[in-house]
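K.L.:
Please find coords28.txt (compact mmCIF, C-alpha atoms) on the next line:
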```
# COMPACT_ATOMS: atom_id res chain seq x y z
CA MET A 1 34.04 -18.84 17.70
CA SER A 2 32.73 -15.77 19.47
CA THR A 3 29.14 -14.69 18.98
CA PRO A 4 28.74 -11.52 16.88
CA THR A 5 27.48 -8.56 18.87
CA THR A 6 25.19 -5.76 17.80
CA THR A 7 27.16 -2.93 19.43
CA THR A 8 28.19 -1.43 16.09
CA THR A 9 28.04 2.35 16.23
CA GLU A 10 27.15 4.65 13.39
CA THR A 11 30.78 5.69 12.89
CA ASP A 12 31.79 2.04 12.54
CA PHE A 13 29.61 1.72 9.44
CA ALA A 14 32.28 3.50 7.37
CA GLU A 15 35.18 1.39 8.62
CA PRO A 16 36.28 -1.93 7.09
CA VAL A 17 35.76 -4.89 9.42
CA PRO A 18 38.75 -7.02 10.44
CA ALA A 19 39.63 -10.17 8.52
CA PRO A 20 37.93 -12.68 10.89
CA ARG A 21 34.55 -10.98 10.43
CA LEU A 22 35.02 -10.81 6.67
CA GLU A 23 35.81 -14.53 6.62
CA ARG A 24 32.80 -15.29 8.82
CA ALA A 25 30.46 -13.46 6.46
CA ALA A 26 32.01 -15.20 3.44
CA ALA A 27 31.61 -18.63 5.01
CA ALA A 28 27.96 -17.98 5.89
CA LEU A 29 27.19 -16.74 2.37
CA ARG A 30 28.78 -19.84 0.85
CA GLU A 31 26.65 -22.04 3.09
CA HIS A 32 23.61 -20.26 1.63
CA GLY A 33 24.52 -20.93 -1.99
CA PHE A 34 26.37 -17.73 -2.89
CA ALA A 35 29.79 -17.87 -4.54
CA VAL A 36 32.16 -15.63 -2.62
CA GLU A 37 35.67 -14.37 -3.29
CA ILE A 38 37.63 -12.17 -0.91
CA LEU A 39 39.81 -9.68 -2.78
CA ASP A 40 42.25 -7.05 -1.60
CA ASP A 41 40.91 -3.93 -3.29
CA MET A 42 38.99 -2.25 -6.10
CA THR A 43 41.74 -2.91 -8.62
CA ALA A 44 41.50 -6.64 -8.00
CA ALA A 45 37.70 -6.50 -8.23
CA ARG A 46 37.88 -4.60 -11.50
CA GLY A 47 40.07 -7.27 -13.03
CA ARG A 48 37.97 -10.11 -11.66
CA VAL A 49 34.73 -8.69 -13.06
CA GLY A 50 36.34 -8.62 -16.48
CA GLU A 51 37.19 -12.29 -16.12
CA LEU A 52 33.74 -13.31 -14.92
CA ILE A 53 31.69 -11.72 -17.73
CA PRO A 54 32.03 -13.17 -21.24
CA GLU A 55 32.52 -10.76 -24.10
CA GLY A 56 29.26 -9.81 -25.81
CA ALA A 57 27.05 -10.55 -22.78
CA SER A 58 24.18 -8.18 -22.07
CA VAL A 59 25.08 -6.35 -18.86
CA PHE A 60 23.00 -4.06 -16.67
CA THR A 61 24.71 -2.06 -13.95
CA GLY A 62 22.86 -0.78 -10.92
CA ALA A 63 23.52 2.81 -9.85
CA SER A 64 26.43 2.29 -7.49
CA GLU A 65 29.20 4.43 -6.03
CA THR A 66 31.23 1.24 -5.70
CA LEU A 67 31.09 0.65 -9.44
CA ARG A 68 31.81 4.30 -10.22
CA LEU A 69 34.77 4.64 -7.87
CA SER A 70 36.33 1.36 -8.95
CA GLY A 71 36.09 2.10 -12.68
CA ILE A 72 33.92 -0.98 -13.20
CA ASP A 73 30.97 1.13 -14.35
CA GLU A 74 33.05 2.69 -17.11
CA ASP A 75 34.51 -0.68 -18.11
CA LEU A 76 31.09 -2.24 -18.54
CA ASN A 77 29.16 0.66 -20.03
CA ALA A 78 31.76 2.41 -22.17
CA GLY A 79 34.38 -0.21 -22.93
CA GLY A 80 32.64 -1.65 -25.99
CA ARG A 81 33.19 -5.25 -24.92
CA TYR A 82 29.62 -5.91 -23.77
CA ASP A 83 26.02 -5.24 -24.75
CA ALA A 84 25.68 -2.45 -22.19
CA ILE A 85 22.04 -1.96 -21.23
CA ARG A 86 22.24 1.17 -19.06
CA PRO A 87 23.39 3.51 -21.86
CA ARG A 88 20.69 2.07 -24.11
CA VAL A 89 17.83 2.64 -21.69
CA LEU A 90 19.05 6.14 -20.77
CA ALA A 91 18.68 7.07 -24.44
CA MET A 92 15.16 5.61 -24.70
CA ASP A 93 11.87 7.46 -24.21
CA ARG A 94 10.29 6.32 -20.96
CA ALA A 95 6.83 7.45 -22.05
CA THR A 96 6.75 5.47 -25.30
CA GLU A 97 9.31 2.72 -24.65
CA GLY A 98 8.66 2.00 -21.00
CA ASP A 99 7.77 -1.65 -21.55
CA GLU A 100 10.96 -2.33 -23.49
CA ILE A 101 13.03 -0.55 -20.86
CA ARG A 102 11.47 -2.69 -18.16
CA ARG A 103 12.21 -5.90 -20.06
CA LEU A 104 15.81 -4.91 -20.80
CA ILE A 105 16.75 -4.12 -17.22
CA SER A 106 14.83 -7.02 -15.67
CA SER A 107 16.49 -9.93 -17.47
CA PRO A 108 20.04 -9.21 -18.66
CA ASP A 109 22.63 -11.93 -18.99
CA VAL A 110 24.51 -10.33 -16.10
CA VAL A 111 23.62 -7.67 -13.54
CA VAL A 112 26.47 -5.97 -11.69
CA GLY A 113 26.20 -3.75 -8.65
CA SER A 114 26.58 -3.68 -4.90
CA VAL A 115 24.49 -4.11 -1.77
CA ALA A 116 23.83 -2.00 1.31
CA ALA A 117 24.89 -4.62 3.84
CA VAL A 118 26.14 -8.18 4.24
CA THR A 119 25.45 -9.99 7.49
CA GLU A 120 27.74 -12.41 9.25
CA THR A 121 24.79 -14.78 9.27
CA GLY A 122 24.82 -14.97 5.47
CA SER A 123 22.21 -12.51 4.19
CA LEU A 124 22.45 -9.62 1.73
CA VAL A 125 20.40 -6.42 1.97
CA VAL A 126 19.62 -4.20 -1.02
CA ALA A 127 17.69 -0.93 -0.89
CA SER A 128 16.32 1.09 -3.79
CA GLY A 129 14.36 4.22 -4.43
CA SER A 130 12.90 3.13 -7.77
CA GLY A 131 13.28 -0.66 -7.56
CA SER A 132 14.60 -0.78 -11.12
CA GLN A 133 17.51 -3.11 -10.34
CA LEU A 134 15.66 -5.44 -8.00
CA PRO A 135 14.03 -7.81 -10.56
CA ALA A 136 17.43 -8.58 -12.06
CA TYR A 137 19.03 -8.87 -8.62
CA SER A 138 16.43 -11.23 -7.21
CA GLY A 139 16.41 -13.71 -10.08
CA GLY A 140 15.71 -12.11 -13.45
CA ALA A 141 19.35 -11.87 -14.51
CA GLY A 142 21.18 -14.99 -15.61
CA ARG A 143 24.02 -14.05 -13.27
CA ALA A 144 24.59 -11.41 -10.61
CA ILE A 145 27.92 -9.99 -9.47
CA TRP A 146 28.06 -7.77 -6.39
CA ILE A 147 31.18 -5.90 -5.31
CA VAL A 148 31.04 -5.16 -1.60
CA GLY A 149 33.41 -3.14 0.56
CA ALA A 150 34.43 -4.51 3.97
CA GLN A 151 32.64 -1.66 5.77
CA LYS A 152 29.30 -3.15 4.72
CA VAL A 153 29.72 -6.31 6.81
CA VAL A 154 27.48 -6.25 9.90
CA PRO A 155 26.57 -8.85 12.53
CA ASP A 156 22.88 -9.35 11.71
CA LEU A 157 19.77 -8.03 9.96
CA PRO A 158 18.78 -5.47 12.64
CA THR A 159 22.24 -3.94 12.36
CA ALA A 160 21.99 -4.07 8.57
CA MET A 161 18.84 -1.95 8.77
CA ARG A 162 20.56 0.50 11.09
CA ARG A 163 23.45 0.77 8.67
CA LEU A 164 21.07 1.36 5.80
CA GLU A 165 18.93 3.97 7.53
CA GLU A 166 21.58 5.80 9.56
CA HIS A 167 24.59 5.67 7.25
CA ALA A 168 23.89 4.68 3.64
CA LEU A 169 20.62 6.58 3.11
CA PRO A 170 21.93 10.02 4.12
CA LEU A 171 24.91 9.61 1.78
CA GLU A 172 22.76 8.37 -1.09
CA ASP A 173 20.24 11.14 -0.47
CA GLU A 174 22.98 13.73 -0.83
CA ARG A 175 24.20 12.08 -4.05
CA ALA A 176 20.69 11.84 -5.51
CA ARG A 177 19.97 15.50 -4.82
CA GLN A 178 23.19 16.51 -6.56
CA VAL A 179 22.84 14.17 -9.56
CA TYR A 180 19.06 13.95 -10.06
CA GLY A 181 17.76 16.93 -8.16
CA VAL A 182 15.46 14.75 -6.03
CA PRO A 183 15.83 13.09 -2.62
CA SER A 184 16.46 9.40 -2.16
CA ALA A 185 14.33 7.03 -0.11
CA ILE A 186 14.13 3.40 0.93
CA ASN A 187 11.07 2.66 -1.19
CA ARG A 188 12.02 -0.93 -2.00
CA LEU A 189 13.93 -3.39 0.14
CA LEU A 190 15.30 -6.77 -0.96
CA VAL A 191 16.75 -9.26 1.52
CA LEU A 192 18.40 -12.36 0.10
CA HIS A 193 18.82 -15.14 2.65
CA ALA A 194 20.00 -17.79 0.17
CA GLU A 195 20.60 -18.41 -3.53
CA PRO A 196 18.53 -21.38 -4.79
CA HIS A 197 20.65 -21.63 -7.94
CA PRO A 198 24.24 -22.06 -6.74
CA GLY A 199 26.67 -20.22 -8.96
CA ARG A 200 24.20 -17.58 -10.15
CA VAL A 201 25.42 -14.97 -7.67
CA THR A 202 29.06 -14.07 -7.08
CA VAL A 203 29.90 -11.76 -4.20
CA LEU A 204 33.30 -10.09 -4.39
CA LEU A 205 34.10 -9.05 -0.83
CA LEU A 206 36.87 -6.48 -0.60
CA ARG A 207 39.22 -6.03 2.30
CA GLU A 208 38.96 -2.27 1.91
CA ALA A 209 36.05 0.16 2.28
CA VAL A 210 34.45 1.42 -0.92
CA GLY A 211 31.09 3.02 -1.69
CA PHE A 212 28.34 3.80 0.78
```
Write the structure described by the file as structure tokens, please.

P.N.:
Amino acid sequence: MSTPTTTTTETDFAEPVPAPRLERAAAALREHGFAVEILDDMTAARGRVGELIPEGASVFTGASETLRLSGIDEDLNAGGRYDAIRPRVLAMDRATEGDEIRRLISSPDVVVGSVAAVTETGSLVVASGSGSQLPAYSGGAGRAIWIVGAQKVVPDLPTAMRRLEEHALPLEDERARQVYGVPSAINRLLVLHAEPHPGRVTVLLLREAVGF
């Protein structure tokens, strides 16, 4: 097996990696306690998420272009099958109900989202401006499901940080300015090297590029 290199260029960060690199990342994640499935595309991921989450479960979705583009966000938050937390907290008053909002988003039955990068050495990198999804991601949620496009696979952590800072942040900054009227920033960073509770996290790796 050849040793991964760190010669990835900025333009490569938008392109799906070839199958051998996807398989290498999946194998490393499995060795670290993450459940991993490699799927063809967003349609397959959308169907699989529906199979993985039991009806009536409380579900919190992180802000994610992957979820929006795939239709998964709409399925979970507007489909009526689940106890969707995001619509509930968006309707709550942050000044008077802040504590309840924090509890709801920190410990759902299931959190669903994506990550900024997956390394071929078996780590996952998540960045956030507010940090709201990180408690659930890191262990607060009973289960976590992350849908990850093949363009997010990188050789190692230094390259993951380059991808985050040079590629993902500018795109998310543009989105945040359009949607929220404020810039984005890497204010919180979560790196998961292993899952101590095997089966809690499922990573759905797609063979196509999706999201930032």

K.L.:
Using all atoms listed in the file, can you tell me which of A:Ala95, A:Val126, A:Ala84, A:Ala78 comes closest to Val191 (chain A)?

P.N.:
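Under the stated criterion, the closest residue is A:Val126.
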
K.L.:
Please provide the set of residues having any atom within 10 Å of region 60-72 of chain A, restricted to all atoms listed in the file, with same-chain residues fewer than 5 positions apart removed, written as an mmCIF file with C-alpha atoms, in the coordinates of the input.

P.N.:
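Output contents, as saved in out-v9.cif:
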```
data_model
loop_
_atom_site.group_PDB
_atom_site.id
_atom_site.type_symbol
_atom_site.label_atom_id
_atom_site.label_comp_id
_atom_site.auth_asym_id
_atom_site.auth_seq_id
_atom_site.Cartn_x
_atom_site.Cartn_y
_atom_site.Cartn_z
ATOM 1 C CA ASP A 41 40.910 -3.930 -3.290
ATOM 2 C CA MET A 42 38.990 -2.250 -6.100
ATOM 3 C CA THR A 43 41.740 -2.910 -8.620
ATOM 4 C CA ALA A 44 41.500 -6.640 -8.000
ATOM 5 C CA ALA A 45 37.700 -6.500 -8.230
ATOM 6 C CA ARG A 46 37.880 -4.600 -11.500
ATOM 7 C CA GLY A 47 40.070 -7.270 -13.030
ATOM 8 C CA VAL A 49 34.730 -8.690 -13.060
ATOM 9 C CA GLY A 50 36.340 -8.620 -16.480
ATOM 10 C CA ASN A 77 29.160 0.660 -20.030
ATOM 11 C CA ALA A 78 31.760 2.410 -22.170
ATOM 12 C CA GLY A 79 34.380 -0.210 -22.930
ATOM 13 C CA TYR A 82 29.620 -5.910 -23.770
ATOM 14 C CA ASP A 83 26.020 -5.240 -24.750
ATOM 15 C CA ALA A 84 25.680 -2.450 -22.190
ATOM 16 C CA ILE A 85 22.040 -1.960 -21.230
ATOM 17 C CA ARG A 86 22.240 1.170 -19.060
ATOM 18 C CA PRO A 87 23.390 3.510 -21.860
ATOM 19 C CA ARG A 88 20.690 2.070 -24.110
ATOM 20 C CA VAL A 89 17.830 2.640 -21.690
ATOM 21 C CA LEU A 104 15.810 -4.910 -20.800
ATOM 22 C CA ILE A 105 16.750 -4.120 -17.220
ATOM 23 C CA SER A 106 14.830 -7.020 -15.670
ATOM 24 C CA SER A 107 16.490 -9.930 -17.470
ATOM 25 C CA PRO A 108 20.040 -9.210 -18.660
ATOM 26 C CA ASP A 109 22.630 -11.930 -18.990
ATOM 27 C CA VAL A 110 24.510 -10.330 -16.100
ATOM 28 C CA VAL A 111 23.620 -7.670 -13.540
ATOM 29 C CA VAL A 112 26.470 -5.970 -11.690
ATOM 30 C CA GLY A 113 26.200 -3.750 -8.650
ATOM 31 C CA SER A 114 26.580 -3.680 -4.900
ATOM 32 C CA VAL A 115 24.490 -4.110 -1.770
ATOM 33 C CA SER A 128 16.320 1.090 -3.790
ATOM 34 C CA SER A 132 14.600 -0.780 -11.120
ATOM 35 C CA GLN A 133 17.510 -3.110 -10.340
ATOM 36 C CA LEU A 134 15.660 -5.440 -8.000
ATOM 37 C CA ALA A 136 17.430 -8.580 -12.060
ATOM 38 C CA TYR A 137 19.030 -8.870 -8.620
ATOM 39 C CA ALA A 141 19.350 -11.870 -14.510
ATOM 40 C CA ALA A 144 24.590 -11.410 -10.610
ATOM 41 C CA ILE A 145 27.920 -9.990 -9.470
ATOM 42 C CA TRP A 146 28.060 -7.770 -6.390
ATOM 43 C CA ILE A 147 31.180 -5.900 -5.310
ATOM 44 C CA VAL A 148 31.040 -5.160 -1.600
ATOM 45 C CA GLY A 149 33.410 -3.140 0.560
ATOM 46 C CA GLU A 172 22.760 8.370 -1.090
ATOM 47 C CA ARG A 175 24.200 12.080 -4.050
ATOM 48 C CA ALA A 209 36.050 0.160 2.280
ATOM 49 C CA VAL A 210 34.450 1.420 -0.920
ATOM 50 C CA GLY A 211 31.090 3.020 -1.690
ATOM 51 C CA PHE A 212 28.340 3.800 0.780
#
```

K.L.:
Taking into account only C-alpha atoms, which residue in the set A:Ala57, A:Leu205, A:Ala176, A:Ala194 is nearest to Glu31 (chain A)?

P.N.:
A:Ala194

K.L.:
Could you check the closest approach to Leu206 (chain A) for each of A:Glu51, A:Asp93, A:Glu165, A:Glu23 and tell me which residue wins, using all atoms listed in the file?

P.N.:
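Using all atoms listed in the file, Leu206 (chain A) sits closest to A:Glu23.
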
K.L.:
As JSON, please report the centre and edge lengths, rounded to one decimal in Å, of the axis-aligned box that holds all listed atoms of region 158-164 of chain A with 4 Å of padding on each of the six sides.

P.N.:
```
{"center_x": 21.1, "center_y": -2.1, "center_z": 9.2, "size_x": 12.7, "size_y": 14.8, "size_z": 14.8}
```

K.L.:
Rounded to one decimal place, report the CA of Pro198 (chain A)-CA of Lys152 (chain A) distance in Å.

P.N.:
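Between these atoms lies a distance of 22.7 Å.
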
K.L.:
Just give me the gap between CA of Leu169 (chain A) and CA of Leu157 (chain A) in Å, one decimal is fine.

P.N.:
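Spanning CA of Leu169 (chain A) to CA of Leu157 (chain A) is a straight-line distance of 16.2 Å.
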
K.L.:
Suppose you want the space between CA of Asp12 (chain A) and CA of Ala25 (chain A); what is it in Å?

P.N.:
16.7 Å

K.L.:
Determine the nearest neighbour of Val36 (chain A) from the options A:Ala127, A:Val118, A:Leu190, A:Ile53, counting only C-alpha atoms.

P.N.:
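When distances to Val36 (chain A) are compared using only C-alpha atoms, the smallest one comes from A:Val118.
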
K.L.:
Which is closer to Pro20 (chain A) than all the others in A:Glu120, A:Gly181, A:Met161, A:Leu189, using only C-alpha atoms?

P.N.:
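Closest to Pro20 (chain A), using only C-alpha atoms: A:Glu120.
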